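File shown here: start14.cif, holding mmCIF, C-alpha atoms and all ligand atoms.
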data_run
loop_
_atom_site.group_PDB
_atom_site.id
_atom_site.type_symbol
_atom_site.label_atom_id
_atom_site.label_comp_id
_atom_site.auth_asym_id
_atom_site.auth_seq_id
_atom_site.Cartn_x
_atom_site.Cartn_y
_atom_site.Cartn_z
ATOM 1 C CA MET K 1 -7.171 -117.471 -97.308
ATOM 2 C CA LEU K 2 -8.342 -118.987 -94.016
ATOM 3 C CA ASN K 3 -7.311 -122.591 -93.534
ATOM 4 C CA ILE K 4 -10.013 -124.319 -91.513
ATOM 5 C CA ASP K 5 -9.745 -127.940 -90.376
ATOM 6 C CA LEU K 6 -12.773 -129.254 -88.504
ATOM 7 C CA HIS K 7 -11.956 -132.947 -88.022
ATOM 8 C CA CYS K 8 -8.931 -134.588 -86.384
ATOM 9 C CA HIS K 9 -7.963 -136.986 -83.592
ATOM 10 C CA SER K 10 -5.586 -136.961 -80.629
ATOM 11 C CA THR K 11 -4.305 -139.637 -78.232
ATOM 12 C CA VAL K 12 -7.569 -139.175 -76.327
ATOM 13 C CA SER K 13 -9.110 -141.410 -78.999
ATOM 14 C CA ASP K 14 -7.150 -143.080 -81.809
ATOM 15 C CA GLY K 15 -4.773 -140.297 -82.861
ATOM 16 C CA LEU K 16 -1.009 -140.465 -82.391
ATOM 17 C CA LEU K 17 -0.375 -136.922 -81.123
ATOM 18 C CA THR K 18 -1.443 -135.403 -77.805
ATOM 19 C CA PRO K 19 -3.922 -132.514 -78.034
ATOM 20 C CA THR K 20 -1.041 -130.053 -77.501
ATOM 21 C CA GLU K 21 1.158 -131.664 -80.155
ATOM 22 C CA LEU K 22 -1.762 -131.677 -82.562
ATOM 23 C CA VAL K 23 -2.465 -127.969 -82.114
ATOM 24 C CA GLU K 24 1.246 -127.178 -82.451
ATOM 25 C CA ARG K 25 1.415 -129.141 -85.695
ATOM 26 C CA ALA K 26 -1.706 -127.390 -86.982
ATOM 27 C CA ALA K 27 -0.171 -123.991 -86.198
ATOM 28 C CA THR K 28 3.054 -124.917 -87.989
ATOM 29 C CA ARG K 29 1.073 -125.967 -91.022
ATOM 30 C CA GLY K 30 -0.805 -122.676 -91.222
ATOM 31 C CA VAL K 31 -4.189 -123.821 -89.894
ATOM 32 C CA SER K 32 -6.139 -120.782 -88.703
ATOM 33 C CA ALA K 33 -9.064 -122.589 -87.044
ATOM 34 C CA LEU K 34 -9.028 -126.151 -85.736
ATOM 35 C CA ALA K 35 -11.656 -128.440 -84.225
ATOM 36 C CA LEU K 36 -10.489 -131.471 -82.246
ATOM 37 C CA THR K 37 -13.052 -134.233 -82.837
ATOM 38 C CA ASP K 38 -11.991 -137.291 -80.867
ATOM 39 C CA HIS K 39 -14.193 -140.370 -81.126
ATOM 40 C CA ASP K 40 -16.816 -140.424 -78.349
ATOM 41 C CA ASP K 41 -14.701 -138.357 -75.971
ATOM 42 C CA VAL K 42 -14.304 -134.666 -75.168
ATOM 43 C CA SER K 43 -11.559 -134.920 -72.564
ATOM 44 C CA GLY K 44 -8.844 -133.517 -74.857
ATOM 45 C CA LEU K 45 -10.618 -130.239 -75.540
ATOM 46 C CA SER K 46 -9.406 -128.181 -72.589
ATOM 47 C CA GLU K 47 -5.757 -129.055 -73.224
ATOM 48 C CA ALA K 48 -6.119 -128.333 -76.951
ATOM 49 C CA ARG K 49 -7.791 -124.998 -76.222
ATOM 50 C CA LEU K 50 -4.930 -123.878 -73.987
ATOM 51 C CA ALA K 51 -2.404 -124.832 -76.659
ATOM 52 C CA ALA K 52 -4.444 -122.968 -79.276
ATOM 53 C CA VAL K 53 -4.353 -119.778 -77.194
ATOM 54 C CA GLU K 54 -0.561 -120.108 -77.029
ATOM 55 C CA LYS K 55 -0.333 -120.548 -80.793
ATOM 56 C CA ASN K 56 -2.924 -117.896 -81.570
ATOM 57 C CA ILE K 57 -5.209 -120.156 -83.575
ATOM 58 C CA THR K 58 -8.971 -120.358 -83.211
ATOM 59 C CA PHE K 59 -10.116 -123.505 -81.466
ATOM 60 C CA ILE K 60 -13.507 -125.161 -81.861
ATOM 61 C CA ASN K 61 -14.804 -127.766 -79.424
ATOM 62 C CA GLY K 62 -15.651 -130.929 -81.328
ATOM 63 C CA VAL K 63 -16.455 -134.604 -81.021
ATOM 64 C CA GLU K 64 -17.082 -137.492 -83.443
ATOM 65 C CA ILE K 65 -19.932 -139.680 -82.203
ATOM 66 C CA SER K 66 -20.347 -143.330 -83.244
ATOM 67 C CA VAL K 67 -23.901 -144.026 -84.362
ATOM 68 C CA SER K 68 -25.826 -147.103 -85.516
ATOM 69 C CA TRP K 69 -28.348 -146.381 -88.254
ATOM 70 C CA ARG K 70 -30.097 -149.157 -90.182
ATOM 71 C CA ARG K 71 -27.398 -151.677 -89.260
ATOM 72 C CA LYS K 72 -24.654 -149.357 -90.476
ATOM 73 C CA THR K 73 -22.154 -147.457 -88.375
ATOM 74 C CA LEU K 74 -22.142 -143.728 -89.077
ATOM 75 C CA HIS K 75 -19.997 -140.996 -87.601
ATOM 76 C CA ILE K 76 -21.612 -137.731 -86.603
ATOM 77 C CA VAL K 77 -19.300 -134.829 -85.857
ATOM 78 C CA GLY K 78 -20.436 -132.208 -83.356
ATOM 79 C CA LEU K 79 -18.935 -128.733 -83.704
ATOM 80 C CA ASN K 80 -19.056 -125.896 -81.189
ATOM 81 C CA ILE K 81 -20.446 -128.263 -78.606
ATOM 82 C CA ASN K 82 -20.482 -127.514 -74.909
ATOM 83 C CA PRO K 83 -18.209 -130.234 -73.463
ATOM 84 C CA GLU K 84 -19.853 -129.882 -70.079
ATOM 85 C CA TYR K 85 -23.396 -130.605 -71.218
ATOM 86 C CA PRO K 86 -24.537 -133.475 -68.937
ATOM 87 C CA GLN K 87 -26.542 -135.436 -71.522
ATOM 88 C CA LEU K 88 -23.618 -135.340 -73.949
ATOM 89 C CA LEU K 89 -21.135 -136.420 -71.274
ATOM 90 C CA GLN K 90 -23.345 -139.278 -70.110
ATOM 91 C CA GLY K 91 -24.041 -140.424 -73.672
ATOM 92 C CA LEU K 92 -20.337 -140.479 -74.538
ATOM 93 C CA LYS K 93 -19.520 -142.293 -71.304
ATOM 94 C CA ASP K 94 -22.029 -145.012 -72.193
ATOM 95 C CA ILE K 95 -20.539 -145.375 -75.671
ATOM 96 C CA ARG K 96 -17.067 -145.734 -74.189
ATOM 97 C CA SER K 97 -18.273 -148.474 -71.813
ATOM 98 C CA GLY K 98 -19.713 -150.260 -74.839
ATOM 99 C CA ARG K 99 -16.307 -149.991 -76.495
ATOM 100 C CA VAL K 100 -14.683 -151.871 -73.601
ATOM 101 C CA LEU K 101 -17.142 -154.739 -74.001
ATOM 102 C CA ARG K 102 -16.653 -154.745 -77.776
ATOM 103 C CA ALA K 103 -12.857 -154.795 -77.308
ATOM 104 C CA ARG K 104 -13.190 -157.952 -75.196
ATOM 105 C CA SER K 105 -15.255 -159.580 -77.930
ATOM 106 C CA ILE K 106 -12.753 -158.548 -80.609
ATOM 107 C CA ALA K 107 -9.938 -160.078 -78.552
ATOM 108 C CA ALA K 108 -11.973 -163.268 -78.022
ATOM 109 C CA GLN K 109 -12.557 -163.480 -81.782
ATOM 110 C CA LEU K 110 -8.867 -163.006 -82.530
ATOM 111 C CA ASP K 111 -8.026 -165.653 -79.917
ATOM 112 C CA LYS K 112 -10.044 -168.122 -81.968
ATOM 113 C CA PHE K 113 -7.766 -167.328 -84.886
ATOM 114 C CA ASN K 114 -4.728 -167.961 -82.726
ATOM 115 C CA ILE K 115 -3.883 -164.306 -82.243
ATOM 116 C CA HIS K 116 -3.378 -163.975 -78.508
ATOM 117 C CA GLY K 117 -2.877 -161.058 -76.146
ATOM 118 C CA SER K 118 -4.633 -158.537 -78.376
ATOM 119 C CA LEU K 119 -6.667 -156.910 -75.594
ATOM 120 C CA GLU K 120 -3.512 -156.148 -73.619
ATOM 121 C CA GLY K 121 -1.736 -155.151 -76.834
ATOM 122 C CA ALA K 122 -4.496 -152.815 -77.973
ATOM 123 C CA SER K 123 -4.784 -151.359 -74.465
ATOM 124 C CA SER K 124 -1.113 -150.519 -74.452
ATOM 125 C CA TYR K 125 -1.705 -148.475 -77.615
ATOM 126 C CA SER K 126 -4.776 -146.766 -76.182
ATOM 127 C CA GLY K 127 -2.834 -145.784 -73.089
ATOM 128 C CA GLY K 128 -5.234 -147.681 -70.852
ATOM 129 C CA LYS K 129 -7.748 -144.811 -70.919
ATOM 130 C CA GLY K 130 -11.497 -145.119 -71.356
ATOM 131 C CA LEU K 131 -11.528 -145.205 -75.113
ATOM 132 C CA ILE K 132 -10.415 -148.288 -76.973
ATOM 133 C CA GLY K 133 -11.042 -148.801 -80.654
ATOM 134 C CA ARG K 134 -10.179 -150.836 -83.686
ATOM 135 C CA THR K 135 -7.229 -148.591 -84.542
ATOM 136 C CA HIS K 136 -5.531 -149.690 -81.315
ATOM 137 C CA PHE K 137 -6.035 -153.339 -82.309
ATOM 138 C CA ALA K 138 -4.706 -152.470 -85.762
ATOM 139 C CA ARG K 139 -1.499 -151.003 -84.353
ATOM 140 C CA PHE K 140 -0.981 -154.093 -82.184
ATOM 141 C CA LEU K 141 -1.534 -156.407 -85.176
ATOM 142 C CA VAL K 142 0.949 -154.434 -87.275
ATOM 143 C CA GLU K 143 3.485 -154.609 -84.441
ATOM 144 C CA ARG K 144 3.057 -158.407 -84.429
ATOM 145 C CA GLY K 145 3.639 -158.550 -88.180
ATOM 146 C CA TYR K 146 0.135 -159.523 -89.319
ATOM 147 C CA ALA K 147 0.191 -156.816 -91.993
ATOM 148 C CA LYS K 148 2.512 -154.074 -93.147
ATOM 149 C CA ASP K 149 0.443 -151.108 -92.001
ATOM 150 C CA VAL K 150 -2.766 -150.050 -90.297
ATOM 151 C CA LYS K 151 -4.676 -149.728 -93.532
ATOM 152 C CA SER K 152 -3.958 -153.266 -94.710
ATOM 153 C CA VAL K 153 -4.489 -154.796 -91.299
ATOM 154 C CA PHE K 154 -8.000 -153.321 -91.287
ATOM 155 C CA LYS K 155 -8.796 -155.005 -94.585
ATOM 156 C CA LYS K 156 -7.525 -158.386 -93.408
ATOM 157 C CA TYR K 157 -8.754 -158.462 -89.824
ATOM 158 C CA LEU K 158 -10.987 -155.674 -88.642
ATOM 159 C CA VAL K 159 -13.803 -155.110 -91.107
ATOM 160 C CA LYS K 160 -17.092 -156.926 -91.593
ATOM 161 C CA GLY K 161 -16.555 -160.577 -92.510
ATOM 162 C CA LYS K 162 -12.996 -160.718 -91.133
ATOM 163 C CA PRO K 163 -11.718 -162.537 -88.003
ATOM 164 C CA GLY K 164 -11.557 -159.564 -85.615
ATOM 165 C CA TYR K 165 -14.810 -157.882 -86.590
ATOM 166 C CA VAL K 166 -17.611 -157.691 -84.066
ATOM 167 C CA SER K 167 -20.876 -155.935 -84.809
ATOM 168 C CA HIS K 168 -21.820 -153.334 -82.255
ATOM 169 C CA GLN K 169 -24.745 -151.151 -81.274
ATOM 170 C CA TRP K 170 -23.696 -147.495 -80.947
ATOM 171 C CA ALA K 171 -25.864 -144.463 -80.125
ATOM 172 C CA SER K 172 -28.918 -143.751 -82.262
ATOM 173 C CA LEU K 173 -28.850 -140.938 -84.810
ATOM 174 C CA SER K 174 -31.454 -138.986 -82.863
ATOM 175 C CA GLU K 175 -29.513 -139.330 -79.607
ATOM 176 C CA ALA K 176 -26.272 -138.095 -81.164
ATOM 177 C CA ILE K 177 -27.994 -135.098 -82.757
ATOM 178 C CA GLU K 178 -29.867 -134.318 -79.528
ATOM 179 C CA TRP K 179 -26.667 -134.359 -77.470
ATOM 180 C CA ILE K 180 -24.852 -132.151 -79.974
ATOM 181 C CA CYS K 181 -27.656 -129.662 -80.599
ATOM 182 C CA GLY K 182 -28.793 -129.698 -76.971
ATOM 183 C CA SER K 183 -25.311 -128.588 -75.980
ATOM 184 C CA GLY K 184 -25.470 -125.699 -78.449
ATOM 185 C CA GLY K 185 -23.452 -127.358 -81.215
ATOM 186 C CA ARG K 186 -23.962 -128.155 -84.868
ATOM 187 C CA ALA K 187 -24.213 -131.762 -86.148
ATOM 188 C CA VAL K 188 -22.295 -132.813 -89.272
ATOM 189 C CA ILE K 189 -22.408 -136.145 -91.137
ATOM 190 C CA ALA K 190 -18.758 -137.197 -91.286
ATOM 191 C CA HIS K 191 -17.232 -138.662 -94.503
ATOM 192 C CA PRO K 192 -20.619 -139.645 -96.053
ATOM 193 C CA ALA K 193 -19.150 -141.521 -99.010
ATOM 194 C CA ARG K 194 -17.640 -144.060 -96.612
ATOM 195 C CA TYR K 195 -21.047 -145.550 -95.829
ATOM 196 C CA LYS K 196 -21.616 -146.687 -99.419
ATOM 197 C CA LEU K 197 -25.334 -145.950 -99.322
ATOM 198 C CA GLY K 198 -27.471 -146.345 -102.430
ATOM 199 C CA LYS K 199 -29.252 -143.283 -103.756
ATOM 200 C CA ASP K 200 -32.581 -143.877 -101.984
ATOM 201 C CA ILE K 201 -31.110 -144.824 -98.613
ATOM 202 C CA LEU K 202 -28.734 -141.885 -98.799
ATOM 203 C CA ASP K 203 -31.676 -139.572 -99.376
ATOM 204 C CA GLU K 204 -33.503 -141.135 -96.439
ATOM 205 C CA LEU K 205 -30.467 -140.535 -94.243
ATOM 206 C CA LEU K 206 -30.068 -136.939 -95.374
ATOM 207 C CA PHE K 207 -33.754 -136.149 -94.845
ATOM 208 C CA GLU K 208 -33.879 -137.876 -91.471
ATOM 209 C CA PHE K 209 -30.685 -136.118 -90.393
ATOM 210 C CA ARG K 210 -32.072 -132.728 -91.396
ATOM 211 C CA THR K 211 -35.446 -133.373 -89.754
ATOM 212 C CA LEU K 212 -33.725 -134.339 -86.502
ATOM 213 C CA GLY K 213 -31.859 -131.022 -86.489
ATOM 214 C CA GLY K 214 -28.619 -131.926 -88.287
ATOM 215 C CA SER K 215 -26.922 -129.005 -90.067
ATOM 216 C CA ALA K 216 -24.089 -130.042 -92.319
ATOM 217 C CA ILE K 217 -22.335 -132.597 -94.496
ATOM 218 C CA GLU K 218 -18.584 -133.093 -94.465
ATOM 219 C CA VAL K 219 -17.823 -132.396 -98.112
ATOM 220 C CA ILE K 220 -14.039 -132.248 -97.954
ATOM 221 C CA THR K 221 -12.434 -135.175 -96.092
ATOM 222 C CA ALA K 222 -9.563 -137.566 -96.721
ATOM 223 C CA SER K 223 -12.141 -140.297 -97.416
ATOM 224 C CA HIS K 224 -13.568 -138.572 -100.509
ATOM 225 C CA THR K 225 -12.379 -138.541 -104.086
ATOM 226 C CA PRO K 226 -12.750 -135.155 -105.830
ATOM 227 C CA GLU K 227 -15.875 -136.527 -107.568
ATOM 228 C CA GLN K 228 -17.400 -137.596 -104.249
ATOM 229 C CA SER K 229 -16.708 -134.159 -102.768
ATOM 230 C CA LEU K 230 -18.539 -132.541 -105.677
ATOM 231 C CA MET K 231 -21.412 -134.983 -105.342
ATOM 232 C CA PHE K 232 -21.846 -134.248 -101.634
ATOM 233 C CA ALA K 233 -21.464 -130.516 -102.243
ATOM 234 C CA HIS K 234 -24.394 -130.900 -104.604
ATOM 235 C CA HIS K 235 -26.443 -132.865 -102.037
ATOM 236 C CA ALA K 236 -25.763 -130.187 -99.429
ATOM 237 C CA GLN K 237 -26.952 -127.419 -101.737
ATOM 238 C CA ARG K 238 -29.985 -129.394 -102.827
ATOM 239 C CA LEU K 239 -31.104 -129.949 -99.224
ATOM 240 C CA GLY K 240 -30.065 -126.615 -97.778
ATOM 241 C CA LEU K 241 -27.390 -128.218 -95.615
ATOM 242 C CA LEU K 242 -24.097 -126.530 -94.755
ATOM 243 C CA ALA K 243 -20.727 -127.921 -95.837
ATOM 244 C CA SER K 244 -17.761 -128.857 -93.660
ATOM 245 C CA ARG K 245 -14.075 -129.448 -94.284
ATOM 246 C CA GLY K 246 -11.792 -131.661 -92.212
ATOM 247 C CA SER K 247 -8.635 -133.707 -92.681
ATOM 248 C CA ASP K 248 -9.577 -136.569 -90.314
ATOM 249 C CA PHE K 249 -5.895 -136.534 -89.408
ATOM 250 C CA HIS K 250 -4.866 -139.331 -87.021
ATOM 251 C CA GLY K 251 -1.088 -139.024 -87.085
ATOM 252 C CA PRO K 252 2.017 -138.625 -89.217
ATOM 253 C CA GLY K 253 2.303 -141.581 -91.582
ATOM 254 C CA GLU K 254 -1.214 -142.841 -90.852
ATOM 255 C CA SER K 255 -3.297 -140.246 -92.622
ATOM 256 C CA TYR K 256 -3.893 -139.272 -96.201
ATOM 257 C CA PHE K 257 -4.345 -135.560 -95.478
ATOM 258 C CA ASP K 258 -2.144 -133.764 -93.005
ATOM 259 C CA LEU K 259 -3.701 -131.069 -90.812
ATOM 260 C CA GLY K 260 -5.059 -128.281 -92.977
ATOM 261 C CA GLN K 261 -3.751 -129.932 -96.156
ATOM 262 C CA MET K 262 -6.866 -130.409 -98.295
ATOM 263 C CA PRO K 263 -8.854 -128.773 -101.064
ATOM 264 C CA GLU K 264 -11.120 -125.800 -100.414
ATOM 265 C CA LEU K 265 -14.878 -126.331 -100.306
ATOM 266 C CA PRO K 266 -16.324 -126.457 -103.819
ATOM 267 C CA VAL K 267 -17.811 -123.211 -105.132
ATOM 268 C CA GLY K 268 -21.443 -122.722 -104.085
ATOM 269 C CA CYS K 269 -21.170 -124.497 -100.724
ATOM 270 C CA LYS K 270 -22.275 -122.611 -97.641
ATOM 271 C CA PRO K 271 -19.581 -123.293 -95.031
ATOM 272 C CA VAL K 272 -20.637 -124.690 -91.655
ATOM 273 C CA TRP K 273 -18.566 -121.831 -90.150
ATOM 274 C CA HIS K 274 -20.306 -119.071 -92.186
ATOM 275 C CA ASP K 275 -21.757 -117.390 -89.092
ATOM 276 C CA TRP K 276 -18.982 -118.098 -86.599
ATOM 277 C CA ASN K 277 -17.635 -114.665 -85.697
ATOM 278 C CA LYS K 278 -14.335 -115.924 -84.426
ATOM 279 C CA VAL K 279 -13.622 -117.874 -87.616
ATOM 280 C CA THR K 280 -14.809 -115.603 -90.449
HETATM 281 P P1 LIG K 301 -13.893 -147.878 -84.188
HETATM 282 O O1 LIG K 301 -14.666 -146.600 -83.940
HETATM 283 O O2 LIG K 301 -13.147 -148.334 -82.972
HETATM 284 O O3 LIG K 301 -14.713 -148.958 -84.829
HETATM 285 O O4 LIG K 301 -12.730 -147.504 -85.200
HETATM 286 C C1 LIG K 301 -12.988 -146.681 -86.301
HETATM 287 C C2 LIG K 301 -11.673 -146.045 -86.703
HETATM 288 O O5 LIG K 301 -10.872 -147.001 -87.336
HETATM 289 C C3 LIG K 301 -11.835 -144.944 -87.738
HETATM 290 O O6 LIG K 301 -12.060 -143.710 -87.126
HETATM 291 C C4 LIG K 301 -10.486 -144.943 -88.394
HETATM 292 O O7 LIG K 301 -9.569 -144.259 -87.602
HETATM 293 C C5 LIG K 301 -10.111 -146.398 -88.367
HETATM 294 N N1 LIG K 301 -10.459 -147.105 -89.611
HETATM 295 C C6 LIG K 301 -11.651 -147.607 -89.980
HETATM 296 N N2 LIG K 301 -11.582 -148.239 -91.163
HETATM 297 C C7 LIG K 301 -10.291 -148.119 -91.550
HETATM 298 C C8 LIG K 301 -9.551 -148.574 -92.684
HETATM 299 N N3 LIG K 301 -10.140 -149.273 -93.650
HETATM 300 N N4 LIG K 301 -8.242 -148.269 -92.730
HETATM 301 C C9 LIG K 301 -7.642 -147.583 -91.741
HETATM 302 N N5 LIG K 301 -8.275 -147.131 -90.650
HETATM 303 C C10 LIG K 301 -9.578 -147.400 -90.555
HETATM 304 MN MN MN K 302 -10.357 -142.915 -85.983
HETATM 305 MN MN MN K 303 -14.929 -141.257 -88.760
HETATM 306 MN MN MN K 304 -12.502 -139.152 -87.609
#
Let me see the file written as structure tokens.
Ligand code: AMP
Ligand code: MN
Ligand code: MN
Ligand code: MN
Amino acid sequence: MLNIDLHCHSTVSDGLLTPTELVERAATRGVSALALTDHDDVSGLSEARLAAVEKNITFINGVEISVSWRRKTLHIVGLNINPEYPQLLQGLKDIRSGRVLRARSIAAQLDKFNIHGSLEGASSYSGGKGLIGRTHFARFLVERGYAKDVKSVFKKYLVKGKPGYVSHQWASLSEAIEWICGSGGRAVIAHPARYKLGKDILDELLFEFRTLGGSAIEVITASHTPEQSLMFAHHAQRLGLLASRGSDFHGPGESYFDLGQMPELPVGCKPVWHDWNKVT
């Protein structure tokens, strides 16, 4: 049985392993095809690809793009993208600049709650590269003892209504899909259950996504219960969308699913990789 994992993160975004370490771990765990999908950044792909050649596993160029849709943040995964496509590169660069501004606002918010030095702290976790995100703030807050782990620190400080939350305008859904499809890739709605959309709004999202050229729904992900996976498998079949499978692995001890360690797609799903020669 092929073990395909189409969603994970490296130190290029908010993962804990370098692209090489990630691919090596995937190989050890029996993953046969891996997509690296860093948030808003494709700069880890060439390193990961080299490591994948060494380990004889199939590598797929990926990205996870932050999107604002109806005042919600959505994540759209791009698979088989061309990481040199100018519109994609420029779009991601703009998102990363926005992240720097948001990080300053998060730090200013936390300052008001007497938590100081968080921008420097978060930056030390992000390695001072272009991409800074809430996970880096979370790791800093855990280090300072504000909560026992990343998950609980999010609940207390970094989500809507909490001291370190700042609303932010990401790319639009149509932009993200255009960049992905324009570069030759396939767009996937990541972890759809996470957005907690009511039935009608969910349908509007799925229809809009499909009309704009989106291809697939992530059915298997660490964010879904088995019931949610079945529900989204059903939505995919109903709308003629393909199904994807990814661990959303961020690092040992921080993730629910390890690389490649998740259920198979439910019966009846058409895999997003069904026509990828190198995978099937
Ligand atoms: P950002 O894109 O900077 O807003 O950060 C989003 C990232 O934060 C996600 O990709 C996850 O890695 C992490 N994250 C979001 N919500 C949670 C949560 N409740 N618990 C743990 N990590 C979370
Ligand atoms: Mn993340
Ligand atoms: Mn995500
Ligand atoms: Mn992710």
Residue neighbourhood stretch 212-225 of chain K, 9 Å, only C-alpha atoms, exclusion window fewer than 3 positions, as a compact mmCIF listing (two decimals) with C-alpha atoms, in the frame of the given file:
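Written out: part.txt:
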# COMPACT_ATOMS: atom_id res chain seq x y z
CA HIS K 7 -11.96 -132.95 -88.02
CA VAL K 77 -19.30 -134.83 -85.86
CA LEU K 173 -28.85 -140.94 -84.81
CA SER K 174 -31.45 -138.99 -82.86
CA ILE K 177 -27.99 -135.10 -82.76
CA GLU K 178 -29.87 -134.32 -79.53
CA CYS K 181 -27.66 -129.66 -80.60
CA ARG K 186 -23.96 -128.16 -84.87
CA ALA K 187 -24.21 -131.76 -86.15
CA VAL K 188 -22.30 -132.81 -89.27
CA ILE K 189 -22.41 -136.15 -91.14
CA ALA K 190 -18.76 -137.20 -91.29
CA HIS K 191 -17.23 -138.66 -94.50
CA PRO K 192 -20.62 -139.65 -96.05
CA ALA K 193 -19.15 -141.52 -99.01
CA ARG K 194 -17.64 -144.06 -96.61
CA LEU K 206 -30.07 -136.94 -95.37
CA PHE K 207 -33.75 -136.15 -94.84
CA GLU K 208 -33.88 -137.88 -91.47
CA PHE K 209 -30.68 -136.12 -90.39
CA GLN K 228 -17.40 -137.60 -104.25
CA SER K 229 -16.71 -134.16 -102.77
CA LEU K 230 -18.54 -132.54 -105.68
CA MET K 231 -21.41 -134.98 -105.34
CA PHE K 232 -21.85 -134.25 -101.63
CA ALA K 233 -21.46 -130.52 -102.24
CA HIS K 235 -26.44 -132.86 -102.04
CA ALA K 236 -25.76 -130.19 -99.43
CA GLY K 240 -30.06 -126.62 -97.78
CA LEU K 241 -27.39 -128.22 -95.62
CA LEU K 242 -24.10 -126.53 -94.76
CA ALA K 243 -20.73 -127.92 -95.84
CA SER K 244 -17.76 -128.86 -93.66
CA ARG K 245 -14.08 -129.45 -94.28
CA GLY K 246 -11.79 -131.66 -92.21
CA SER K 247 -8.64 -133.71 -92.68
CA ASP K 248 -9.58 -136.57 -90.31
CA PHE K 249 -5.90 -136.53 -89.41
CA SER K 255 -3.30 -140.25 -92.62
CA TYR K 256 -3.89 -139.27 -96.20
CA PHE K 257 -4.34 -135.56 -95.48
CA MET K 262 -6.87 -130.41 -98.30
CA PRO K 263 -8.85 -128.77 -101.06
CA GLU K 264 -11.12 -125.80 -100.41
CA LEU K 265 -14.88 -126.33 -100.31
CA PRO K 266 -16.32 -126.46 -103.82
CA CYS K 269 -21.17 -124.50 -100.72
CA PRO K 271 -19.58 -123.29 -95.03
CA VAL K 272 -20.64 -124.69 -91.66
**Item:** Residues matched by the PyMOL selection byres (((not hetatm)) within 7 of (chain K and resi 301)), written as an MDAnalysis selection string
**Value:** chainID K and resid 14 39 66 132:135 150:152 154:155 250
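If you measure from each of K:Val63, K:Leu205, K:Val166, K:Ala147 to ligand MN 304 (chain K) using all atoms listed in the file, the closest one turns out to be K:Val63.
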**Request:** Specify as a PyMOL selection string each residue included when the PyMOL selection byres (((chain K and resi 98-105) around 9) and not hetatm) is applied to this file.
**Result:** chain K and resi 93-97+106-110+119+122+130-134+137+164-170
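From atom CA of K:Gly44 back to atom CA of K:Gly117, the distance works out to 28.2 Å.
Using the PyMOL selection byres (((chain K and resi 259) around 8) and not hetatm) on the file at hand returns these residues: Asp5, Cys8, Arg25, Ala26, Arg29, Val31, Ser247, Phe249, Phe257, Asp258, Gly260 and Gln261 of chain K.
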Deliver the residues from the most recent selection as a file, using C-alpha atoms, as a PDB file, keeping the file's coordinate frame.
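That gives us again.pdb:
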ATOM      1  CA  ASP K   5      -9.745-127.940 -90.376  1.00  0.00           C
ATOM      2  CA  CYS K   8      -8.931-134.588 -86.384  1.00  0.00           C
ATOM      3  CA  ARG K  25       1.415-129.141 -85.695  1.00  0.00           C
ATOM      4  CA  ALA K  26      -1.706-127.390 -86.982  1.00  0.00           C
ATOM      5  CA  ARG K  29       1.073-125.967 -91.022  1.00  0.00           C
ATOM      6  CA  VAL K  31      -4.189-123.821 -89.894  1.00  0.00           C
ATOM      7  CA  SER K 247      -8.635-133.707 -92.681  1.00  0.00           C
ATOM      8  CA  PHE K 249      -5.895-136.534 -89.408  1.00  0.00           C
ATOM      9  CA  PHE K 257      -4.345-135.560 -95.478  1.00  0.00           C
ATOM     10  CA  ASP K 258      -2.144-133.764 -93.005  1.00  0.00           C
ATOM     11  CA  GLY K 260      -5.059-128.281 -92.977  1.00  0.00           C
ATOM     12  CA  GLN K 261      -3.751-129.932 -96.156  1.00  0.00           C
TER      13      GLN K 261
END
